[in-house]
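K.L.:
Structure: final-v6.txt, compact mmCIF, C-alpha atoms.
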# COMPACT_ATOMS: atom_id res chain seq x y z
CA MET A 16 -20.53 -26.22 -25.11
CA THR A 17 -18.98 -23.18 -23.41
CA PHE A 18 -19.54 -19.69 -24.71
CA PRO A 19 -17.45 -16.51 -24.33
CA LEU A 20 -18.30 -14.18 -21.45
CA GLU A 21 -20.59 -11.82 -23.38
CA GLU A 22 -22.63 -14.75 -24.72
CA ASN A 23 -23.54 -16.12 -21.27
CA GLU A 24 -27.17 -17.18 -21.02
CA ASN A 25 -29.75 -16.45 -18.35
CA TYR A 26 -30.65 -19.39 -16.13
CA ILE A 27 -33.50 -19.73 -13.64
CA LEU A 28 -33.03 -21.71 -10.43
CA LEU A 29 -35.89 -23.82 -9.05
CA THR A 30 -35.60 -25.57 -5.69
CA ARG A 31 -37.59 -27.62 -3.20
CA ILE A 32 -36.58 -27.39 0.47
CA LYS A 33 -38.22 -30.59 1.74
CA ARG A 34 -40.02 -33.50 0.10
CA GLY A 35 -43.63 -32.48 -0.56
CA ASP A 36 -42.83 -28.75 -0.67
CA ASP A 37 -43.55 -26.69 -3.76
CA LEU A 38 -40.85 -26.33 -6.37
CA MET A 39 -40.11 -22.59 -6.30
CA GLN A 40 -38.03 -20.16 -8.27
CA VAL A 41 -35.41 -18.84 -5.84
CA GLY A 42 -33.06 -16.98 -8.15
CA SER A 43 -31.52 -16.38 -11.52
CA PHE A 44 -28.02 -15.87 -12.87
CA ARG A 45 -25.96 -15.94 -16.05
CA ALA A 46 -23.69 -18.83 -17.04
CA ALA A 47 -21.63 -19.96 -20.02
CA SER A 48 -22.78 -23.60 -19.98
CA ASP A 49 -25.19 -25.97 -18.25
CA GLU A 50 -22.25 -27.46 -16.31
CA LEU A 51 -21.22 -24.06 -14.99
CA ALA A 52 -24.85 -23.19 -14.22
CA LYS A 53 -25.13 -26.29 -12.04
CA ILE A 54 -21.96 -25.33 -10.14
CA TYR A 55 -23.15 -21.73 -9.66
CA ALA A 56 -26.50 -22.95 -8.35
CA ALA A 57 -24.91 -25.34 -5.85
CA LYS A 58 -22.22 -22.91 -4.68
CA ILE A 59 -24.13 -19.63 -4.62
CA TYR A 60 -27.49 -20.83 -3.31
CA ASP A 61 -26.20 -23.05 -0.51
CA GLU A 62 -28.17 -21.35 2.28
CA GLU A 63 -30.56 -24.33 2.53
CA ASP A 64 -30.08 -28.07 2.42
CA TRP A 65 -32.31 -28.34 -0.67
CA VAL A 66 -33.81 -31.74 -1.39
CA GLU A 67 -34.12 -30.81 -5.08
CA MET A 68 -32.52 -28.22 -7.38
CA HIS A 69 -33.00 -27.52 -11.09
CA VAL A 70 -31.58 -24.93 -13.44
CA VAL A 71 -33.46 -23.98 -16.59
CA LYS A 72 -32.24 -21.84 -19.45
CA ALA A 73 -34.58 -18.85 -19.53
CA SER A 74 -34.67 -19.17 -23.34
CA ASN A 75 -36.20 -22.65 -22.93
CA LEU A 76 -39.32 -21.30 -21.24
CA VAL A 77 -42.33 -21.55 -23.55
CA PRO A 78 -44.35 -18.31 -23.25
CA VAL A 79 -48.10 -18.72 -22.86
CA ARG A 80 -48.87 -15.12 -22.04
CA LEU A 81 -46.54 -12.14 -21.82
CA PRO A 82 -47.11 -8.66 -20.31
CA LYS A 83 -47.77 -5.92 -22.81
CA GLY A 84 -45.35 -3.00 -22.88
CA LEU A 85 -46.47 -0.27 -20.42
CA PHE A 86 -45.77 2.55 -22.87
CA GLU A 87 -46.70 0.77 -26.09
CA LYS A 88 -49.07 3.59 -27.08
CA GLU A 89 -46.14 5.99 -27.07
CA GLY A 90 -44.31 3.65 -29.45
CA VAL A 91 -42.01 2.18 -26.77
CA LYS A 92 -41.69 -1.63 -26.92
CA MET B 9 5.19 -48.79 7.13
CA THR B 10 8.91 -48.08 7.20
CA GLU B 11 10.28 -44.69 8.23
CA GLU B 12 11.02 -43.82 4.57
CA GLN B 13 7.52 -44.80 3.45
CA VAL B 14 5.96 -42.61 6.16
CA LYS B 15 8.25 -39.72 5.16
CA GLU B 16 7.21 -40.00 1.49
CA LEU B 17 3.52 -40.30 2.36
CA VAL B 18 3.74 -37.19 4.57
CA ASN B 19 5.52 -35.41 1.75
CA LEU B 20 2.71 -36.39 -0.64
CA ALA B 21 -0.02 -35.28 1.79
CA GLU B 22 1.73 -31.96 2.44
CA THR B 23 2.22 -31.24 -1.29
CA ILE B 24 -1.52 -31.70 -1.90
CA ALA B 25 -2.45 -29.78 1.27
CA ASP B 26 -0.08 -26.88 0.45
CA ASN B 27 -1.53 -26.52 -3.03
CA LYS B 28 -5.07 -26.63 -1.67
CA PHE B 29 -4.19 -24.09 1.03
CA ILE B 30 -2.75 -21.68 -1.57
CA MET B 31 -5.66 -22.26 -3.98
CA GLY B 32 -8.06 -21.48 -1.14
CA GLU B 33 -6.24 -18.25 -0.34
CA GLN B 34 -5.99 -17.23 -4.00
CA LEU B 35 -9.69 -17.98 -4.64
CA VAL B 36 -10.48 -15.35 -2.01
CA GLU B 37 -7.76 -12.83 -2.93
CA ILE B 38 -8.27 -12.92 -6.70
CA GLY B 39 -11.69 -14.54 -6.93
CA VAL B 40 -13.39 -11.71 -5.04
CA SER B 41 -12.78 -9.47 -8.05
CA GLY B 42 -13.67 -12.11 -10.66
CA PRO B 43 -15.08 -11.19 -14.10
CA ASN B 44 -18.71 -11.39 -12.94
CA LEU B 45 -20.73 -11.70 -9.74
CA GLU B 46 -21.54 -15.38 -10.25
CA ALA B 47 -17.86 -16.30 -10.68
CA SER B 48 -16.86 -14.31 -7.57
CA LEU B 49 -19.55 -15.80 -5.33
CA ALA B 50 -18.72 -19.33 -6.48
CA SER B 51 -15.00 -18.62 -5.92
CA ILE B 52 -15.53 -17.62 -2.31
CA SER B 53 -17.63 -20.73 -1.69
CA MET B 54 -14.97 -22.92 -3.31
CA ALA B 55 -12.21 -21.22 -1.30
CA GLN B 56 -13.87 -22.55 1.86
CA GLY B 57 -13.88 -26.01 0.26
CA GLU B 58 -10.18 -25.84 -0.69
CA LEU B 59 -9.16 -24.65 2.80
CA GLY B 60 -11.24 -27.46 4.33
CA HIS B 61 -9.49 -30.01 2.10
CA ALA B 62 -6.10 -28.57 3.12
CA ARG B 63 -6.97 -28.93 6.83
CA LEU B 64 -8.14 -32.53 6.27
CA LEU B 65 -4.87 -33.40 4.51
CA TYR B 66 -2.61 -31.67 7.06
CA ARG B 67 -4.47 -33.58 9.79
CA TRP B 68 -3.99 -36.82 7.86
CA SER B 69 -0.23 -36.13 7.52
CA TYR B 70 -0.09 -35.90 11.34
CA GLU B 71 -2.03 -39.16 11.75
CA VAL B 72 0.29 -40.96 9.32
CA GLN B 73 3.18 -40.01 11.61
CA GLY B 74 1.25 -41.23 14.64
CA LEU B 75 0.84 -37.67 15.98
CA ARG B 76 -2.30 -36.05 17.33
CA ALA B 77 -3.30 -33.05 15.24
CA GLY B 78 -5.67 -31.64 17.87
CA LYS B 79 -7.35 -28.41 16.79
CA LEU B 80 -5.30 -27.68 13.72
CA ASP B 81 -4.71 -23.99 12.99
CA VAL B 82 -2.91 -23.68 9.66
CA LYS B 83 -1.23 -20.30 9.22
CA GLU B 84 1.02 -21.01 6.23
CA GLN B 85 1.99 -23.73 3.76
CA THR B 86 5.07 -25.93 4.25
CA GLY B 87 6.64 -24.67 1.00
CA LYS B 88 5.55 -27.42 -1.38
CA ALA B 89 2.86 -25.55 -3.34
CA PHE B 90 3.62 -25.08 -7.05
CA ASP B 91 5.09 -21.72 -8.10
CA GLN B 92 2.45 -20.97 -10.76
CA ILE B 93 -0.43 -20.85 -8.26
CA VAL B 94 1.66 -19.20 -5.51
CA ASN B 95 2.55 -16.37 -7.91
CA ALA B 96 -0.90 -16.10 -9.56
CA SER B 97 -2.03 -12.48 -9.51
CA ASN B 98 -5.03 -12.36 -11.84
CA TRP B 99 -8.12 -14.34 -12.85
CA VAL B 100 -6.48 -16.05 -15.86
CA GLU B 101 -3.54 -17.32 -13.80
CA LEU B 102 -5.84 -18.41 -10.96
CA ILE B 103 -8.21 -20.38 -13.20
CA ALA B 104 -5.40 -22.09 -15.14
CA GLY B 105 -3.68 -23.14 -11.90
CA LEU B 106 -6.91 -24.19 -10.25
CA TYR B 107 -7.80 -26.48 -13.16
CA VAL B 108 -4.41 -28.11 -13.75
CA ASN B 109 -3.52 -28.55 -10.06
CA ASN B 110 -6.89 -29.96 -9.10
CA ALA B 111 -6.86 -32.33 -12.08
CA ALA B 112 -3.43 -33.58 -10.93
CA ILE B 113 -4.57 -33.85 -7.29
CA ASP B 114 -7.71 -35.70 -8.39
CA LEU B 115 -5.64 -38.36 -10.18
CA ILE B 116 -3.46 -38.91 -7.11
CA MET B 117 -6.45 -38.92 -4.74
CA GLN B 118 -8.30 -41.47 -6.90
CA GLU B 119 -5.21 -43.69 -6.83
CA LEU B 120 -4.97 -43.25 -3.06
CA ILE B 121 -8.66 -44.02 -2.52
CA THR B 122 -8.44 -47.09 -4.78
CA ASN B 123 -5.42 -48.49 -2.95
CA LYS B 124 -5.88 -47.21 0.59
CA GLY B 125 -9.59 -46.32 0.71
CA LYS B 126 -10.35 -48.50 3.72
CA ASP B 127 -7.75 -46.62 5.82
CA LEU B 128 -9.22 -43.20 4.96
CA ASN B 129 -12.20 -41.62 6.71
CA ALA B 130 -15.49 -40.65 5.05
CA GLN B 131 -14.38 -37.03 4.67
CA PHE B 132 -12.08 -38.13 1.86
CA SER B 133 -15.09 -39.18 -0.27
CA LYS B 134 -16.72 -35.80 0.38
CA MET B 135 -13.48 -34.14 -0.69
CA ALA B 136 -13.38 -36.25 -3.88
CA ASN B 137 -16.91 -35.06 -4.78
CA GLU B 138 -16.10 -31.41 -4.15
CA LEU B 139 -12.85 -31.79 -6.06
CA SER B 140 -14.77 -32.91 -9.11
CA GLU B 141 -16.98 -29.77 -8.84
CA HIS B 142 -13.89 -27.55 -8.60
CA ILE B 143 -12.47 -29.20 -11.72
CA THR B 144 -15.73 -28.69 -13.63
CA TYR B 145 -15.82 -25.02 -12.59
CA SER B 146 -12.22 -24.25 -13.54
CA LYS B 147 -12.36 -26.34 -16.73
CA ASN B 148 -15.46 -24.50 -17.94
CA TRP B 149 -13.86 -21.16 -17.09
CA CYS B 150 -10.67 -22.15 -18.97
CA LYS B 151 -12.80 -23.01 -22.02
CA GLN B 152 -14.62 -19.71 -21.71
CA LEU B 153 -11.34 -17.77 -21.55
CA ILE B 154 -9.87 -19.77 -24.45
CA ASN B 155 -12.86 -18.63 -26.53
CA ASP B 156 -12.43 -15.00 -25.41
CA LYS B 157 -10.98 -12.16 -27.48
CA GLY B 158 -7.67 -10.32 -27.68
CA SER B 159 -4.71 -11.56 -25.68
CA ILE B 160 -6.75 -13.66 -23.22
CA PRO B 161 -6.64 -17.02 -25.11
CA ARG B 162 -2.85 -16.81 -25.49
CA ARG B 163 -2.40 -15.89 -21.81
CA VAL B 164 -4.56 -18.83 -20.71
CA GLN B 165 -2.53 -21.19 -22.87
CA VAL B 166 0.78 -19.92 -21.43
CA ASP B 167 -0.47 -20.30 -17.86
CA LEU B 168 -2.01 -23.72 -18.47
CA GLU B 169 1.34 -24.87 -19.81
CA LYS B 170 3.21 -23.32 -16.89
CA ALA B 171 0.92 -25.05 -14.38
CA TYR B 172 1.08 -28.31 -16.36
CA GLU B 173 4.89 -28.34 -16.22
CA SER B 174 5.04 -28.39 -12.40
CA ALA B 175 2.05 -30.69 -11.97
CA SER B 176 3.22 -33.29 -14.51
CA LYS B 177 6.73 -33.29 -12.98
CA TRP B 178 5.14 -33.96 -9.56
CA ILE B 179 2.90 -36.76 -10.91
CA LYS B 180 5.93 -38.43 -12.53
CA GLU B 181 7.87 -38.24 -9.25
CA VAL B 182 4.96 -39.70 -7.30
CA GLU B 183 4.40 -42.50 -9.80
CA GLU B 184 8.09 -43.43 -9.81
CA ASN B 185 8.46 -43.26 -6.03
CA SER B 186 9.46 -46.77 -4.92
CA HIS B 187 8.57 -46.11 -1.25
CA LEU B 188 5.00 -45.12 -2.15
CA LYS B 189 4.71 -48.22 -4.33
CA GLU B 190 6.04 -50.49 -1.59
CA ALA B 191 3.60 -48.90 0.87
CA GLY B 192 0.78 -49.75 -1.54
CA VAL B 193 -0.22 -46.08 -1.97
CA ILE B 194 0.55 -46.11 -5.68
CA GLY B 195 -0.36 -49.23 -7.65
CA LYS B 196 2.50 -51.13 -9.32
CA SER B 197 0.78 -50.83 -12.72
CA SER B 198 -0.57 -47.27 -12.38
CA HIS B 199 -0.71 -44.99 -15.45
CA LEU B 200 -0.89 -41.58 -13.80
CA VAL B 201 1.46 -39.74 -16.19
CA GLU B 202 -0.44 -41.14 -19.17
CA ALA B 203 -3.82 -40.27 -17.63
CA PHE B 204 -2.70 -36.70 -16.91
CA GLU B 205 -1.56 -35.95 -20.47
CA PRO B 206 -5.01 -35.14 -21.97
CA THR B 207 -5.82 -32.69 -19.13
CA ILE B 208 -4.48 -29.59 -20.83
CA ASN B 209 -5.51 -30.47 -24.39
CA GLU B 210 -9.12 -30.98 -23.26
CA VAL B 211 -9.42 -27.24 -22.71
CA LEU B 212 -7.03 -26.01 -25.38
CA GLY B 213 -9.10 -27.66 -28.14
CA GLU B 214 -7.75 -26.51 -31.50
CA ARG B 215 -4.82 -24.80 -29.78
CA SER B 216 -3.66 -28.12 -28.29
CA VAL B 217 -0.09 -29.30 -28.72
CA SER B 218 1.71 -32.48 -27.71
CA HIS B 219 2.91 -32.51 -24.10
CA ALA B 220 4.16 -36.08 -24.12
Can you turn what I pasted into structure tokens?

P.N.:
Amino acid sequence: MTFPLEENENYILLTRIKRGDDLMQVGSFRAASDELAKIYAAKIYDEEDWVEMHVVKASNLVPVRLPKGLFEKEGVK
Amino acid sequence: MTEEQVKELVNLAETIADNKFIMGEQLVEIGVSGPNLEASLASISMAQGELGHARLLYRWSYEVQGLRAGKLDVKEQTGKAFDQIVNASNWVELIAGLYVNNAAIDLIMQELITNKGKDLNAQFSKMANELSEHITYSKNWCKQLINDKGSIPRRVQVDLEKAYESASKWIKEVEENSHLKEAGVIGKSSHLVEAFEPTINEVLGERSVSHA
């Protein structure tokens, strides 16, 4: 499914440089589909010869704990 | 191979190389001011890929003629690139041309690899993989633009059709070329024209029309 430009979703990029290394978040970007997100990840973040790369839709993250708003007392959310 | 077969094979290699050379140049010229940062950065990366493919194919056209390419420095195309992509001046025209031309090139390259794979070096497989990424990128962008607002969907459709006209004419010529068939480059029972037909309708969706 591909969405119009203004409906692009946020994606998070996780990579591992070498086998045994930690899987780390190295960036984020917006894309219209999973297919396009995979292409963006491979083409934009090609500075390393990653052994592993994953993209995750930010909306698919399950929140366990979230920061409270800094100015919540003043009514700002 | 006979002299005519070599001539036709060189012509085929140069047509693909010219289109890739122009697509590479246009991905930099137009792609640098793409609709968003992600699209622009990916365009520049893909431009390097397209120019690399062009160099590989120009080199191959030399080898087919028994010439030594040496350190190939390509300054301009040989005049075989399709008008739509040569004249592209904005993102819509670039993306439409990139998708249709690469889909056409992919069909021909697959046929070439199937029939002549053992004569081609490993770089051709790398090119085939990158080509598939370029098709995915441009196809997804075409779909995105088709779902956009205002005049954009109509403009994409017009440019897809313009690009399709040149590319399908070329595929038909290649498929009917007796010298390429005799040389074993194109299979005697190939269905390239038929396989190319769904290309444009895949992105047009509900706007699709018959191009048979």

K.L.:
Select, from A:Gly42, A:Gly35, A:Pro78, A:Gly84, the residue with the minimum atom-to-atom distance to chain B, counting only C-alpha atoms.

P.N.:
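The closest residue to chain B is A:Gly42.
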
K.L.:
Go ahead and compute the interatomic distance for atom CA of B:Ser198 and atom CA of B:Gln85, in Å to one decimal.

P.N.:
28.7 Å

K.L.:
I'd like the interatomic distance between atom CA of B:Ser146 and atom CA of A:Ile32, to a tenth of an Å.

P.N.:
28.3 Å

K.L.:
Check every residue of chain B for an atom within 7 Å of chain A, counting only C-alpha atoms, and provide those that qualify as a list in words.

P.N.:
Glu46, Leu49, Ala50, Ser53, Glu141, Tyr145, Asn148, Lys151, Gln152, Leu153, Asn155 and Asp156 of chain B

K.L.:
Determine the axis-aligned bounding box of all atoms of stretch 28-39 of chain A present in the file, pad each side by 3 Å, and express its centre and edge lengths in Å to one decimal place as lines of an AutoDock Vina configuration file.

P.N.:
center_x = -38.3
center_y = -27.6
center_z = -4.3
size_x = 16.6
size_y = 17.8
size_z = 18.2

K.L.:
Can you measure atom CA of B:Met31 to atom CA of B:Glu58 for me? One decimal in Å is fine.

P.N.:
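Computing it gives 6.6 Å between the two atoms.
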
K.L.:
For B:Phe29, list every protein, DNA or RNA residue within 7 Å, evaluated using all atoms listed in the file, and leave out those in the same chain fewer than 3 positions away; present the list as a count of residues only.

P.N.:
8

K.L.:
I want to know what sits within 12 Å of A:Asp37, based on only C-alpha atoms, with residues of the same chain fewer than 4 positions away left out; could you give that as a compact mmCIF listing (two decimals) with C-alpha atoms, keeping the file's coordinate frame?

P.N.:
# COMPACT_ATOMS: atom_id res chain seq x y z
CA LEU A 29 -35.89 -23.82 -9.05
CA THR A 30 -35.60 -25.57 -5.69
CA ARG A 31 -37.59 -27.62 -3.20
CA ILE A 32 -36.58 -27.39 0.47
CA LYS A 33 -38.22 -30.59 1.74
CA VAL A 41 -35.41 -18.84 -5.84
CA TRP A 65 -32.31 -28.34 -0.67
CA VAL A 66 -33.81 -31.74 -1.39
CA GLU A 67 -34.12 -30.81 -5.08
CA MET A 68 -32.52 -28.22 -7.38

K.L.:
Once N, CA and C atoms are restored for stretch 92-124 of chain B, what would the output be as a PDB file, in the frame of the given file?

P.N.:
ATOM      1  N   GLN B  92       3.443 -21.659  -9.904  1.00  0.00           N
ATOM      2  CA  GLN B  92       2.450 -20.970 -10.760  1.00  0.00           C
ATOM      3  C   GLN B  92       1.285 -20.449  -9.937  1.00  0.00           C
ATOM      4  N   ILE B  93       0.756 -21.278  -9.035  1.00  0.00           N
ATOM      5  CA  ILE B  93      -0.430 -20.850  -8.260  1.00  0.00           C
ATOM      6  C   ILE B  93      -0.018 -19.912  -7.123  1.00  0.00           C
ATOM      7  N   VAL B  94       1.183 -20.106  -6.576  1.00  0.00           N
ATOM      8  CA  VAL B  94       1.660 -19.200  -5.510  1.00  0.00           C
ATOM      9  C   VAL B  94       1.783 -17.794  -6.080  1.00  0.00           C
ATOM     10  N   ASN B  95       2.298 -17.691  -7.309  1.00  0.00           N
ATOM     11  CA  ASN B  95       2.550 -16.370  -7.910  1.00  0.00           C
ATOM     12  C   ASN B  95       1.369 -15.828  -8.712  1.00  0.00           C
ATOM     13  N   ALA B  96       0.261 -16.562  -8.770  1.00  0.00           N
ATOM     14  CA  ALA B  96      -0.900 -16.100  -9.560  1.00  0.00           C
ATOM     15  C   ALA B  96      -1.369 -14.742  -9.023  1.00  0.00           C
ATOM     16  N   SER B  97      -1.619 -13.814  -9.953  1.00  0.00           N
ATOM     17  CA  SER B  97      -2.030 -12.480  -9.510  1.00  0.00           C
ATOM     18  C   SER B  97      -3.252 -11.967 -10.259  1.00  0.00           C
ATOM     19  N   ASN B  98      -3.814 -12.794 -11.135  1.00  0.00           N
ATOM     20  CA  ASN B  98      -5.030 -12.360 -11.840  1.00  0.00           C
ATOM     21  C   ASN B  98      -5.916 -13.575 -12.129  1.00  0.00           C
ATOM     22  N   TRP B  99      -7.108 -13.299 -12.637  1.00  0.00           N
ATOM     23  CA  TRP B  99      -8.120 -14.340 -12.850  1.00  0.00           C
ATOM     24  C   TRP B  99      -7.632 -15.443 -13.787  1.00  0.00           C
ATOM     25  N   VAL B 100      -6.954 -15.067 -14.878  1.00  0.00           N
ATOM     26  CA  VAL B 100      -6.480 -16.050 -15.860  1.00  0.00           C
ATOM     27  C   VAL B 100      -5.501 -17.022 -15.204  1.00  0.00           C
ATOM     28  N   GLU B 101      -4.547 -16.472 -14.454  1.00  0.00           N
ATOM     29  CA  GLU B 101      -3.540 -17.320 -13.800  1.00  0.00           C
ATOM     30  C   GLU B 101      -4.186 -18.204 -12.732  1.00  0.00           C
ATOM     31  N   LEU B 102      -5.151 -17.646 -12.004  1.00  0.00           N
ATOM     32  CA  LEU B 102      -5.840 -18.410 -10.960  1.00  0.00           C
ATOM     33  C   LEU B 102      -6.592 -19.598 -11.556  1.00  0.00           C
ATOM     34  N   ILE B 103      -7.373 -19.330 -12.604  1.00  0.00           N
ATOM     35  CA  ILE B 103      -8.210 -20.380 -13.200  1.00  0.00           C
ATOM     36  C   ILE B 103      -7.365 -21.482 -13.835  1.00  0.00           C
ATOM     37  N   ALA B 104      -6.281 -21.089 -14.518  1.00  0.00           N
ATOM     38  CA  ALA B 104      -5.400 -22.090 -15.140  1.00  0.00           C
ATOM     39  C   ALA B 104      -4.785 -22.985 -14.063  1.00  0.00           C
ATOM     40  N   GLY B 105      -4.298 -22.381 -12.994  1.00  0.00           N
ATOM     41  CA  GLY B 105      -3.680 -23.140 -11.900  1.00  0.00           C
ATOM     42  C   GLY B 105      -4.684 -24.016 -11.184  1.00  0.00           C
ATOM     43  N   LEU B 106      -5.852 -23.462 -10.960  1.00  0.00           N
ATOM     44  CA  LEU B 106      -6.910 -24.190 -10.250  1.00  0.00           C
ATOM     45  C   LEU B 106      -7.289 -25.461 -11.029  1.00  0.00           C
ATOM     46  N   TYR B 107      -7.412 -25.316 -12.343  1.00  0.00           N
ATOM     47  CA  TYR B 107      -7.800 -26.480 -13.160  1.00  0.00           C
ATOM     48  C   TYR B 107      -6.696 -27.537 -13.192  1.00  0.00           C
ATOM     49  N   VAL B 108      -5.500 -27.131 -13.581  1.00  0.00           N
ATOM     50  CA  VAL B 108      -4.410 -28.110 -13.750  1.00  0.00           C
ATOM     51  C   VAL B 108      -4.050 -28.772 -12.412  1.00  0.00           C
ATOM     52  N   ASN B 109      -3.916 -27.977 -11.358  1.00  0.00           N
ATOM     53  CA  ASN B 109      -3.520 -28.550 -10.060  1.00  0.00           C
ATOM     54  C   ASN B 109      -4.585 -29.489  -9.509  1.00  0.00           C
ATOM     55  N   ASN B 110      -5.837 -29.086  -9.621  1.00  0.00           N
ATOM     56  CA  ASN B 110      -6.890 -29.960  -9.100  1.00  0.00           C
ATOM     57  C   ASN B 110      -7.042 -31.234  -9.927  1.00  0.00           C
ATOM     58  N   ALA B 111      -6.800 -31.120 -11.238  1.00  0.00           N
ATOM     59  CA  ALA B 111      -6.860 -32.330 -12.080  1.00  0.00           C
ATOM     60  C   ALA B 111      -5.744 -33.290 -11.660  1.00  0.00           C
ATOM     61  N   ALA B 112      -4.563 -32.747 -11.367  1.00  0.00           N
ATOM     62  CA  ALA B 112      -3.430 -33.580 -10.930  1.00  0.00           C
ATOM     63  C   ALA B 112      -3.732 -34.195  -9.557  1.00  0.00           C
ATOM     64  N   ILE B 113      -4.247 -33.374  -8.646  1.00  0.00           N
ATOM     65  CA  ILE B 113      -4.570 -33.850  -7.290  1.00  0.00           C
ATOM     66  C   ILE B 113      -5.650 -34.932  -7.358  1.00  0.00           C
ATOM     67  N   ASP B 114      -6.626 -34.736  -8.248  1.00  0.00           N
ATOM     68  CA  ASP B 114      -7.710 -35.700  -8.390  1.00  0.00           C
ATOM     69  C   ASP B 114      -7.170 -37.086  -8.796  1.00  0.00           C
ATOM     70  N   LEU B 115      -6.221 -37.082  -9.741  1.00  0.00           N
ATOM     71  CA  LEU B 115      -5.640 -38.360 -10.180  1.00  0.00           C
ATOM     72  C   LEU B 115      -4.951 -39.080  -9.025  1.00  0.00           C
ATOM     73  N   ILE B 116      -4.179 -38.322  -8.245  1.00  0.00           N
ATOM     74  CA  ILE B 116      -3.460 -38.910  -7.110  1.00  0.00           C
ATOM     75  C   ILE B 116      -4.444 -39.377  -6.038  1.00  0.00           C
ATOM     76  N   MET B 117      -5.462 -38.556  -5.763  1.00  0.00           N
ATOM     77  CA  MET B 117      -6.450 -38.920  -4.740  1.00  0.00           C
ATOM     78  C   MET B 117      -7.229 -40.170  -5.134  1.00  0.00           C
ATOM     79  N   GLN B 118      -7.576 -40.275  -6.425  1.00  0.00           N
ATOM     80  CA  GLN B 118      -8.300 -41.470  -6.900  1.00  0.00           C
ATOM     81  C   GLN B 118      -7.447 -42.718  -6.707  1.00  0.00           C
ATOM     82  N   GLU B 119      -6.151 -42.572  -6.999  1.00  0.00           N
ATOM     83  CA  GLU B 119      -5.210 -43.690  -6.830  1.00  0.00           C
ATOM     84  C   GLU B 119      -5.119 -44.080  -5.350  1.00  0.00           C
ATOM     85  N   LEU B 120      -5.062 -43.042  -4.518  1.00  0.00           N
ATOM     86  CA  LEU B 120      -4.970 -43.250  -3.060  1.00  0.00           C
ATOM     87  C   LEU B 120      -6.233 -43.929  -2.525  1.00  0.00           C
ATOM     88  N   ILE B 121      -7.389 -43.452  -2.989  1.00  0.00           N
ATOM     89  CA  ILE B 121      -8.660 -44.020  -2.520  1.00  0.00           C
ATOM     90  C   ILE B 121      -8.804 -45.471  -3.006  1.00  0.00           C
ATOM     91  N   THR B 122      -8.377 -45.722  -4.253  1.00  0.00           N
ATOM     92  CA  THR B 122      -8.440 -47.090  -4.780  1.00  0.00           C
ATOM     93  C   THR B 122      -7.575 -48.041  -3.952  1.00  0.00           C
ATOM     94  N   ASN B 123      -6.368 -47.585  -3.628  1.00  0.00           N
ATOM     95  CA  ASN B 123      -5.420 -48.490  -2.950  1.00  0.00           C
ATOM     96  C   ASN B 123      -5.515 -48.475  -1.426  1.00  0.00           C
ATOM     97  N   LYS B 124      -5.906 -47.332  -0.869  1.00  0.00           N
ATOM     98  CA  LYS B 124      -5.880 -47.210   0.590  1.00  0.00           C
ATOM     99  C   LYS B 124      -7.230 -46.731   1.157  1.00  0.00           C
TER     100      LYS B 124
END
